[in-house]
Structures are given as structure tokens and as C-alpha cells.
>>> print(open('run_7.txt').read())   # compact mmCIF, N, CA and C atoms
# COMPACT_ATOMS: atom_id res chain seq x y z
N MET R 23 139.42 -49.62 29.46
CA MET R 23 139.00 -49.00 30.69
C MET R 23 140.17 -48.20 31.25
N LYS R 24 139.85 -47.06 31.84
CA LYS R 24 140.88 -46.23 32.44
C LYS R 24 141.47 -46.93 33.65
N LYS R 25 142.74 -46.67 33.91
CA LYS R 25 143.36 -47.19 35.12
C LYS R 25 142.93 -46.30 36.28
N THR R 26 142.42 -46.93 37.35
CA THR R 26 141.98 -46.18 38.51
C THR R 26 142.55 -46.81 39.76
N HIS R 27 142.61 -46.04 40.80
CA HIS R 27 143.03 -46.52 42.10
C HIS R 27 141.97 -47.49 42.61
N VAL R 28 142.36 -48.51 43.34
CA VAL R 28 141.43 -49.53 43.81
C VAL R 28 140.31 -48.91 44.64
N GLY R 29 140.63 -47.98 45.53
CA GLY R 29 139.61 -47.31 46.34
C GLY R 29 138.65 -46.52 45.49
N THR R 30 139.15 -45.88 44.44
CA THR R 30 138.30 -45.11 43.54
C THR R 30 137.35 -46.04 42.80
N LYS R 31 137.85 -47.17 42.33
CA LYS R 31 137.01 -48.15 41.62
C LYS R 31 135.93 -48.70 42.53
N LEU R 32 136.28 -48.98 43.78
CA LEU R 32 135.30 -49.48 44.74
C LEU R 32 134.21 -48.43 44.97
N ALA R 33 134.61 -47.20 45.19
CA ALA R 33 133.63 -46.12 45.39
C ALA R 33 132.74 -45.96 44.16
N GLN R 34 133.34 -46.08 42.99
CA GLN R 34 132.56 -45.95 41.76
C GLN R 34 131.55 -47.10 41.65
N ASN R 35 131.96 -48.32 42.00
CA ASN R 35 131.03 -49.46 41.96
C ASN R 35 129.88 -49.29 42.95
N LEU R 36 130.13 -48.62 44.06
CA LEU R 36 129.06 -48.38 45.04
C LEU R 36 127.98 -47.46 44.49
N VAL R 37 128.32 -46.70 43.47
CA VAL R 37 127.34 -45.85 42.80
C VAL R 37 126.84 -46.53 41.52
N GLU R 38 127.78 -47.09 40.76
CA GLU R 38 127.47 -47.66 39.46
C GLU R 38 126.48 -48.82 39.54
N ILE R 39 126.73 -49.78 40.39
CA ILE R 39 125.89 -50.97 40.45
C ILE R 39 124.45 -50.66 40.89
N PRO R 40 124.24 -49.91 41.98
CA PRO R 40 122.84 -49.56 42.31
C PRO R 40 122.15 -48.75 41.22
N PHE R 41 122.89 -47.85 40.57
CA PHE R 41 122.32 -47.07 39.47
C PHE R 41 121.84 -47.99 38.35
N LEU R 42 122.68 -48.94 37.96
CA LEU R 42 122.34 -49.87 36.87
C LEU R 42 121.16 -50.75 37.26
N LEU R 43 121.14 -51.22 38.50
CA LEU R 43 120.02 -52.04 38.96
C LEU R 43 118.71 -51.24 38.94
N LEU R 44 118.77 -49.99 39.36
CA LEU R 44 117.58 -49.15 39.37
C LEU R 44 117.08 -48.88 37.95
N VAL R 45 118.00 -48.52 37.06
CA VAL R 45 117.62 -48.26 35.66
C VAL R 45 117.00 -49.51 35.03
N GLY R 46 117.64 -50.65 35.23
CA GLY R 46 117.13 -51.90 34.65
C GLY R 46 115.80 -52.32 35.23
N GLY R 47 115.65 -52.22 36.53
CA GLY R 47 114.41 -52.63 37.18
C GLY R 47 113.24 -51.74 36.80
N VAL R 48 113.44 -50.43 36.90
CA VAL R 48 112.37 -49.49 36.55
C VAL R 48 112.10 -49.55 35.05
N GLY R 49 113.17 -49.62 34.27
CA GLY R 49 113.01 -49.66 32.81
C GLY R 49 112.21 -50.85 32.34
N TYR R 50 112.54 -52.04 32.81
CA TYR R 50 111.82 -53.22 32.35
C TYR R 50 110.39 -53.23 32.87
N TYR R 51 110.19 -52.83 34.11
CA TYR R 51 108.84 -52.76 34.67
C TYR R 51 107.96 -51.84 33.83
N CYS R 52 108.51 -50.69 33.42
CA CYS R 52 107.76 -49.74 32.58
C CYS R 52 107.48 -50.32 31.19
N ILE R 53 108.43 -51.06 30.64
CA ILE R 53 108.21 -51.70 29.33
C ILE R 53 107.03 -52.67 29.43
N GLU R 54 107.02 -53.47 30.50
CA GLU R 54 105.90 -54.41 30.66
C GLU R 54 104.58 -53.68 30.83
N LEU R 55 104.56 -52.61 31.61
CA LEU R 55 103.33 -51.83 31.78
C LEU R 55 102.85 -51.27 30.45
N ALA R 56 103.78 -50.77 29.65
CA ALA R 56 103.42 -50.16 28.37
C ALA R 56 102.89 -51.19 27.37
N PHE R 57 103.50 -52.35 27.29
CA PHE R 57 103.14 -53.31 26.25
C PHE R 57 102.20 -54.41 26.71
N ARG R 58 102.18 -54.67 28.01
CA ARG R 58 101.36 -55.77 28.52
C ARG R 58 100.18 -55.26 29.35
N GLY R 59 100.33 -54.03 29.87
CA GLY R 59 99.27 -53.44 30.67
C GLY R 59 99.38 -53.72 32.16
N TRP R 60 100.26 -54.63 32.55
CA TRP R 60 100.48 -54.94 33.96
C TRP R 60 101.83 -55.62 34.10
N SER R 61 102.31 -55.71 35.31
CA SER R 61 103.56 -56.41 35.58
C SER R 61 103.49 -56.95 37.00
N HIS R 62 104.46 -57.73 37.34
CA HIS R 62 104.61 -58.28 38.68
C HIS R 62 105.89 -57.70 39.26
N PRO R 63 105.93 -57.38 40.55
CA PRO R 63 107.15 -56.80 41.13
C PRO R 63 108.41 -57.62 40.88
N SER R 64 108.28 -58.93 40.77
CA SER R 64 109.44 -59.78 40.50
C SER R 64 110.10 -59.43 39.16
N MET R 65 109.32 -58.85 38.24
CA MET R 65 109.87 -58.50 36.93
C MET R 65 110.82 -57.32 37.03
N ALA R 66 110.61 -56.45 38.01
CA ALA R 66 111.56 -55.36 38.24
C ALA R 66 112.90 -55.94 38.68
N LEU R 67 112.86 -56.95 39.54
CA LEU R 67 114.11 -57.59 39.97
C LEU R 67 114.79 -58.30 38.80
N CYS R 68 114.03 -59.01 38.00
CA CYS R 68 114.61 -59.69 36.82
C CYS R 68 115.20 -58.67 35.85
N GLY R 69 114.48 -57.59 35.61
CA GLY R 69 114.98 -56.54 34.72
C GLY R 69 116.25 -55.91 35.25
N ALA R 70 116.31 -55.71 36.56
CA ALA R 70 117.50 -55.13 37.18
C ALA R 70 118.72 -56.02 36.99
N VAL R 71 118.55 -57.30 37.29
CA VAL R 71 119.65 -58.27 37.15
C VAL R 71 120.09 -58.36 35.69
N CYS R 72 119.13 -58.43 34.78
CA CYS R 72 119.47 -58.56 33.36
C CYS R 72 120.20 -57.32 32.84
N PHE R 73 119.73 -56.13 33.22
CA PHE R 73 120.38 -54.91 32.74
C PHE R 73 121.81 -54.82 33.25
N LEU R 74 122.02 -55.12 34.52
CA LEU R 74 123.38 -55.10 35.07
C LEU R 74 124.26 -56.11 34.33
N ALA R 75 123.75 -57.30 34.10
CA ALA R 75 124.54 -58.33 33.41
C ALA R 75 124.83 -57.93 31.96
N ILE R 76 123.84 -57.35 31.27
CA ILE R 76 124.07 -56.91 29.89
C ILE R 76 125.09 -55.77 29.87
N TYR R 77 125.03 -54.89 30.85
CA TYR R 77 126.03 -53.82 30.97
C TYR R 77 127.43 -54.43 31.10
N LYS R 78 127.55 -55.44 31.95
CA LYS R 78 128.86 -56.09 32.14
C LYS R 78 129.30 -56.83 30.88
N ILE R 79 128.37 -57.46 30.17
CA ILE R 79 128.71 -58.08 28.89
C ILE R 79 129.28 -57.03 27.95
N ASN R 80 128.62 -55.90 27.87
CA ASN R 80 129.09 -54.83 26.99
C ASN R 80 130.42 -54.25 27.44
N GLU R 81 130.60 -54.15 28.75
CA GLU R 81 131.85 -53.62 29.29
C GLU R 81 133.03 -54.53 28.92
N HIS R 82 132.82 -55.82 28.98
CA HIS R 82 133.91 -56.77 28.74
C HIS R 82 134.03 -57.23 27.28
N HIS R 83 133.05 -56.90 26.46
CA HIS R 83 133.07 -57.32 25.05
C HIS R 83 132.84 -56.13 24.11
N MET R 84 133.36 -54.96 24.50
CA MET R 84 133.14 -53.74 23.71
C MET R 84 133.60 -53.88 22.26
N LYS R 85 134.61 -54.65 22.05
CA LYS R 85 135.16 -54.77 20.69
C LYS R 85 134.39 -55.78 19.83
N ASN R 86 133.52 -56.57 20.45
CA ASN R 86 132.70 -57.52 19.69
C ASN R 86 131.61 -56.78 18.93
N LEU R 87 131.15 -57.37 17.86
CA LEU R 87 130.06 -56.80 17.09
C LEU R 87 128.80 -56.69 17.94
N LEU R 88 127.98 -55.71 17.63
CA LEU R 88 126.71 -55.51 18.33
C LEU R 88 125.85 -56.78 18.28
N VAL R 89 125.83 -57.46 17.17
CA VAL R 89 125.01 -58.66 17.03
C VAL R 89 125.46 -59.75 18.02
N VAL R 90 126.75 -59.83 18.28
CA VAL R 90 127.28 -60.81 19.23
C VAL R 90 126.86 -60.42 20.65
N ARG R 91 127.01 -59.14 21.00
CA ARG R 91 126.62 -58.69 22.33
C ARG R 91 125.11 -58.84 22.55
N ALA R 92 124.32 -58.56 21.52
CA ALA R 92 122.86 -58.71 21.63
C ALA R 92 122.50 -60.18 21.79
N PHE R 93 123.18 -61.06 21.07
CA PHE R 93 122.93 -62.50 21.19
C PHE R 93 123.27 -62.99 22.60
N LEU R 94 124.41 -62.55 23.14
CA LEU R 94 124.79 -62.93 24.50
C LEU R 94 123.75 -62.40 25.50
N GLY R 95 123.28 -61.18 25.28
CA GLY R 95 122.25 -60.61 26.14
C GLY R 95 120.97 -61.41 26.09
N ALA R 96 120.57 -61.82 24.89
CA ALA R 96 119.35 -62.62 24.74
C ALA R 96 119.49 -63.98 25.42
N LEU R 97 120.65 -64.59 25.32
CA LEU R 97 120.90 -65.85 26.04
C LEU R 97 120.77 -65.65 27.54
N LEU R 98 121.36 -64.58 28.03
CA LEU R 98 121.32 -64.28 29.45
C LEU R 98 119.88 -64.04 29.92
N ILE R 99 119.14 -63.21 29.20
CA ILE R 99 117.75 -62.92 29.57
C ILE R 99 116.93 -64.20 29.57
N THR R 100 117.12 -65.05 28.57
CA THR R 100 116.38 -66.30 28.48
C THR R 100 116.70 -67.21 29.66
N ALA R 101 117.97 -67.24 30.07
CA ALA R 101 118.36 -68.05 31.23
C ALA R 101 117.72 -67.51 32.51
N VAL R 102 117.75 -66.19 32.70
CA VAL R 102 117.12 -65.58 33.87
C VAL R 102 115.62 -65.83 33.85
N GLU R 103 115.02 -65.69 32.66
CA GLU R 103 113.59 -65.91 32.52
C GLU R 103 113.22 -67.36 32.88
N PHE R 104 114.02 -68.31 32.43
CA PHE R 104 113.74 -69.71 32.74
C PHE R 104 113.86 -69.98 34.24
N PHE R 105 114.94 -69.50 34.83
CA PHE R 105 115.17 -69.68 36.27
C PHE R 105 114.05 -69.03 37.07
N ALA R 106 113.70 -67.78 36.75
CA ALA R 106 112.64 -67.06 37.45
C ALA R 106 111.30 -67.73 37.22
N GLY R 107 111.04 -68.17 36.00
CA GLY R 107 109.78 -68.83 35.69
C GLY R 107 109.60 -70.13 36.44
N CYS R 108 110.67 -70.89 36.55
CA CYS R 108 110.58 -72.15 37.30
C CYS R 108 110.23 -71.88 38.76
N ILE R 109 110.79 -70.82 39.33
CA ILE R 109 110.49 -70.49 40.73
C ILE R 109 109.11 -69.84 40.86
N LEU R 110 108.89 -68.76 40.11
CA LEU R 110 107.65 -67.97 40.27
C LEU R 110 106.41 -68.69 39.77
N ASN R 111 106.52 -69.29 38.60
CA ASN R 111 105.34 -69.87 37.97
C ASN R 111 105.13 -71.34 38.31
N LEU R 112 106.18 -72.13 38.21
CA LEU R 112 106.02 -73.57 38.43
C LEU R 112 106.04 -73.95 39.91
N TRP R 113 106.97 -73.38 40.66
CA TRP R 113 107.10 -73.76 42.06
C TRP R 113 106.11 -73.01 42.95
N LEU R 114 106.05 -71.66 42.79
CA LEU R 114 105.17 -70.85 43.64
C LEU R 114 103.76 -70.70 43.06
N GLY R 115 103.58 -71.03 41.79
CA GLY R 115 102.27 -70.97 41.17
C GLY R 115 101.71 -69.56 41.00
N LEU R 116 102.58 -68.55 40.82
CA LEU R 116 102.12 -67.17 40.72
C LEU R 116 101.52 -66.82 39.35
N GLY R 117 101.83 -67.58 38.34
CA GLY R 117 101.26 -67.33 37.01
C GLY R 117 101.62 -65.97 36.42
N VAL R 118 102.86 -65.58 36.58
CA VAL R 118 103.30 -64.28 36.06
C VAL R 118 103.30 -64.30 34.53
N TRP R 119 103.68 -65.41 33.92
CA TRP R 119 103.58 -65.60 32.47
C TRP R 119 103.48 -67.08 32.17
N ASP R 120 103.01 -67.38 30.98
CA ASP R 120 102.87 -68.76 30.54
C ASP R 120 103.00 -68.79 29.03
N TYR R 121 104.05 -69.38 28.55
CA TYR R 121 104.30 -69.48 27.11
C TYR R 121 103.86 -70.84 26.55
N SER R 122 103.02 -71.56 27.27
CA SER R 122 102.61 -72.90 26.84
C SER R 122 101.96 -72.91 25.46
N GLU R 123 101.32 -71.84 25.08
CA GLU R 123 100.67 -71.76 23.77
C GLU R 123 101.61 -71.27 22.67
N MET R 124 102.82 -70.90 23.04
CA MET R 124 103.79 -70.38 22.07
C MET R 124 104.57 -71.55 21.44
N PRO R 125 105.01 -71.38 20.20
CA PRO R 125 105.82 -72.44 19.58
C PRO R 125 107.21 -72.54 20.22
N TYR R 126 107.72 -73.75 20.21
CA TYR R 126 109.07 -74.02 20.70
C TYR R 126 109.29 -73.51 22.11
N HIS R 127 108.37 -73.87 23.03
CA HIS R 127 108.52 -73.45 24.42
C HIS R 127 109.15 -74.57 25.23
N LEU R 128 109.69 -74.21 26.38
CA LEU R 128 110.24 -75.18 27.33
C LEU R 128 109.51 -74.98 28.65
N LEU R 129 108.69 -75.93 29.02
CA LEU R 129 107.90 -75.90 30.26
C LEU R 129 107.01 -74.66 30.36
N GLY R 130 106.76 -74.00 29.25
CA GLY R 130 105.93 -72.80 29.25
C GLY R 130 106.62 -71.57 29.82
N GLN R 131 107.93 -71.68 30.10
CA GLN R 131 108.65 -70.59 30.76
C GLN R 131 109.51 -69.78 29.80
N ILE R 132 110.02 -70.40 28.78
CA ILE R 132 110.78 -69.70 27.73
C ILE R 132 110.30 -70.24 26.39
N CYS R 133 110.52 -69.44 25.35
CA CYS R 133 110.14 -69.89 24.01
C CYS R 133 110.96 -69.14 22.97
N LEU R 134 111.03 -69.71 21.80
CA LEU R 134 111.82 -69.13 20.72
C LEU R 134 111.36 -67.73 20.31
N PRO R 135 110.04 -67.47 20.16
CA PRO R 135 109.65 -66.10 19.78
C PRO R 135 110.11 -65.04 20.78
N PHE R 136 110.09 -65.35 22.07
CA PHE R 136 110.54 -64.37 23.05
C PHE R 136 112.06 -64.27 23.07
N PHE R 137 112.77 -65.35 22.77
CA PHE R 137 114.23 -65.24 22.61
C PHE R 137 114.55 -64.24 21.50
N ILE R 138 113.82 -64.32 20.41
CA ILE R 138 114.03 -63.38 19.29
C ILE R 138 113.69 -61.96 19.74
N LEU R 139 112.61 -61.81 20.49
CA LEU R 139 112.26 -60.49 21.02
C LEU R 139 113.35 -59.96 21.94
N TRP R 140 113.88 -60.81 22.82
CA TRP R 140 114.97 -60.37 23.71
C TRP R 140 116.18 -59.95 22.90
N PHE R 141 116.49 -60.69 21.84
CA PHE R 141 117.62 -60.32 20.98
C PHE R 141 117.40 -58.93 20.40
N LEU R 142 116.20 -58.68 19.87
CA LEU R 142 115.91 -57.37 19.28
C LEU R 142 115.93 -56.27 20.33
N LEU R 143 115.44 -56.56 21.52
CA LEU R 143 115.46 -55.57 22.60
C LEU R 143 116.89 -55.28 23.05
N CYS R 144 117.75 -56.28 22.99
CA CYS R 144 119.14 -56.09 23.41
C CYS R 144 119.92 -55.14 22.50
N ILE R 145 119.49 -54.97 21.27
CA ILE R 145 120.20 -54.07 20.37
C ILE R 145 120.19 -52.64 20.92
N PRO R 146 119.02 -52.04 21.22
CA PRO R 146 119.08 -50.69 21.82
C PRO R 146 119.62 -50.71 23.24
N VAL R 147 119.37 -51.79 23.99
CA VAL R 147 119.89 -51.85 25.36
C VAL R 147 121.41 -51.83 25.37
N CYS R 148 122.04 -52.51 24.41
CA CYS R 148 123.51 -52.48 24.30
C CYS R 148 123.98 -51.05 24.04
N GLY R 149 123.26 -50.33 23.23
CA GLY R 149 123.61 -48.93 22.97
C GLY R 149 123.45 -48.08 24.22
N ILE R 150 122.40 -48.31 24.97
CA ILE R 150 122.19 -47.58 26.22
C ILE R 150 123.32 -47.90 27.20
N CYS R 151 123.67 -49.17 27.30
CA CYS R 151 124.76 -49.58 28.20
C CYS R 151 126.07 -48.91 27.81
N ARG R 152 126.37 -48.87 26.54
CA ARG R 152 127.60 -48.23 26.07
C ARG R 152 127.59 -46.74 26.39
N ALA R 153 126.45 -46.09 26.19
CA ALA R 153 126.34 -44.66 26.49
C ALA R 153 126.51 -44.39 27.99
N VAL R 154 125.89 -45.22 28.82
CA VAL R 154 126.04 -45.06 30.27
C VAL R 154 127.49 -45.26 30.66
N TYR R 155 128.11 -46.28 30.12
CA TYR R 155 129.53 -46.55 30.42
C TYR R 155 130.40 -45.35 30.06
N ARG R 156 130.23 -44.85 28.85
CA ARG R 156 131.08 -43.77 28.35
C ARG R 156 130.77 -42.42 28.96
N TYR R 157 129.50 -42.07 29.05
CA TYR R 157 129.14 -40.71 29.39
C TYR R 157 128.76 -40.50 30.85
N VAL R 158 128.46 -41.58 31.57
CA VAL R 158 128.08 -41.42 32.97
C VAL R 158 129.23 -41.83 33.90
N PHE R 159 129.88 -42.96 33.60
CA PHE R 159 130.84 -43.49 34.55
C PHE R 159 132.31 -43.39 34.16
N TYR R 160 132.65 -43.53 32.91
CA TYR R 160 134.07 -43.63 32.56
C TYR R 160 134.56 -42.59 31.60
N GLY R 161 133.81 -41.57 31.36
CA GLY R 161 134.26 -40.52 30.47
C GLY R 161 134.18 -40.93 29.02
N HIS R 162 134.25 -39.96 28.14
CA HIS R 162 134.12 -40.24 26.70
C HIS R 162 135.34 -39.75 25.94
N ASP R 163 136.50 -39.94 26.55
CA ASP R 163 137.72 -39.48 25.89
C ASP R 163 138.33 -40.52 24.97
N GLY R 164 137.58 -41.57 24.68
CA GLY R 164 138.07 -42.57 23.73
C GLY R 164 138.76 -43.75 24.39
N GLU R 165 139.11 -43.67 25.68
CA GLU R 165 139.77 -44.79 26.34
C GLU R 165 138.74 -45.87 26.65
N GLU R 166 139.09 -47.12 26.34
CA GLU R 166 138.21 -48.24 26.66
C GLU R 166 139.05 -49.38 27.18
>>> encode(input="run_7.txt", output="C-alpha cells")
Amino acid sequence: MKKTHVGTKLAQNLVEIPFLLLVGGVGYYCIELAFRGWSHPSMALCGAVCFLAIYKINEHHMKNLLVVRAFLGALLITAVEFFAGCILNLWLGLGVWDYSEMPYHLLGQICLPFFILWFLLCIPVCGICRAVYRYVFYGHDGEE
């Protein structure tokens, strides 16, 4: 990462973080609409949080293999999904999703097949995060 003045970094974060949250929230909501036909507004929030966190994973683990970053992203998404599912589905009874019929599920909120899907989805998302980091916020002059 380039060395920046503290005030410059703070100003950049005031743009960077909302941008990442917006991209993640809108992006995931649109993915659900495209593949599932509907979504719940809470999924935009989950997508926003996950995209920001995956961006930070990529920022701090740029030298790690893509498979490692995708695996970390899948773990993170699964944890967010479990936490959100326990609140939205089990506690509030909203029925946003139910994996009870899926193999290897935990309380119907997470399951192995979707962990694999999150891993596969994280592969292009890691590439998007790297491109945003290099070409939108920190330049592409090779410094990391």
C-alpha cells in the first residue's frame, strides 16, 4: 500500500467504505433477483458487509493465493449468513431462506453446498476487489 498522510487516508476511507458497501449491497441483491427471482432487503445489508470484508481480506492478504482468499471469503460469508439467519429466520421468523432440506445443514441456516457456492462466487469477487483496490482507490503503479 502507498504511504499516505493520515488525513488523506481518512478522507479516502470516507469515500472508499460507502462505495464498497453500496457495490456489495446492490450487487448481491441483484444476484439474488437474477437467480432466485426475489430477495429481502436484509440481503442487501448482508451483501454490503460481506463485500467490504472480502475487500479487506484481499487488501491484507494480496500475496496469498486466490484459493486461500476465496476460502477465507467463503468462511466469512458463511459466518455472516449463520448470524443473519439466526436473527432473521429463527428469532424474527421472517423465512428469508431455509436450508433444512439441504445436506449437511446447521439449523437450516447454513449448509455445505452453499459454502461451496460462496467459495466459487468469491473467486470473481476477489478479482473485482483487487481491481477496485488498484484502479479506483490506490492506483495501478505496481505498489502494494
>>> select_by_dssp(input="run_7.txt", residues="chain R", states="strand (DSSP E)", output="PDB file with N, CA and C atoms, keeping the file's coordinate frame")
ATOM      1  N   HIS R 127     108.370 -73.870  23.030  1.00  0.00           N
ATOM      2  CA  HIS R 127     108.520 -73.450  24.420  1.00  0.00           C
ATOM      3  C   HIS R 127     109.150 -74.570  25.230  1.00  0.00           C
ATOM      4  N   LEU R 128     109.690 -74.210  26.380  1.00  0.00           N
ATOM      5  CA  LEU R 128     110.240 -75.180  27.330  1.00  0.00           C
ATOM      6  C   LEU R 128     109.510 -74.980  28.650  1.00  0.00           C
ATOM      7  N   ILE R 132     110.020 -70.400  28.780  1.00  0.00           N
ATOM      8  CA  ILE R 132     110.780 -69.700  27.730  1.00  0.00           C
ATOM      9  C   ILE R 132     110.300 -70.240  26.390  1.00  0.00           C
ATOM     10  N   CYS R 133     110.520 -69.440  25.350  1.00  0.00           N
ATOM     11  CA  CYS R 133     110.140 -69.890  24.010  1.00  0.00           C
ATOM     12  C   CYS R 133     110.960 -69.140  22.970  1.00  0.00           C
TER      13      CYS R 133
END
>>> closest_residue(input="run_7.txt", among="R:Leu112, R:Ser61, R:Ile138, R:Gly95", to="R:Tyr77", atoms="only N, CA and C atoms")
R:Gly95
>>> residues_around(input="run_7.txt", residues="stretch 120-137 of chain R", least_positions_apart="3", cutoff="6.5 Å", atoms="all atoms listed in the file", output="PyMOL selection string")
chain R and resi 96+100+103-104+107-108+117+140-142
>>> residues_around(input="run_7.txt", residues="R:Val48", least_positions_apart="3", cutoff="8 Å", atoms="only N, CA and C atoms", output="ChimeraX atom specification")
/R:42-45,51-54,65-67,69-70
>>> closest_residue(input="run_7.txt", among="R:Ile109, R:Leu97, R:Ile79, R:Val89", to="R:Tyr155", atoms="only C-alpha atoms")
R:Ile79
>>> closest_residue(input="run_7.txt", among="R:Gly161, R:Val154, R:His62, R:Ala75", to="R:Leu98", atoms="only N, CA and C atoms")
R:Ala75
>>> atom_distance(input="run_7.txt", atom1="atom CA of R:Ala92", atom2="atom CA of R:Pro63")
25.1 Å
>>> atom_distance(input="run_7.txt", atom1="atom N of R:Asn86", atom2="atom N of R:Ala106")
28.0 Å
>>> select_by_dssp(input="run_7.txt", residues="stretch 41-155 of chain R", states="helix (DSSP H, G or I)", output="MDAnalysis selection string")
chainID R and resid 41:58 63:82 88:113 134:155
>>> atom_distance(input="run_7.txt", atom1="atom C of R:Leu143", atom2="atom C of R:Pro40")
20.0 Å
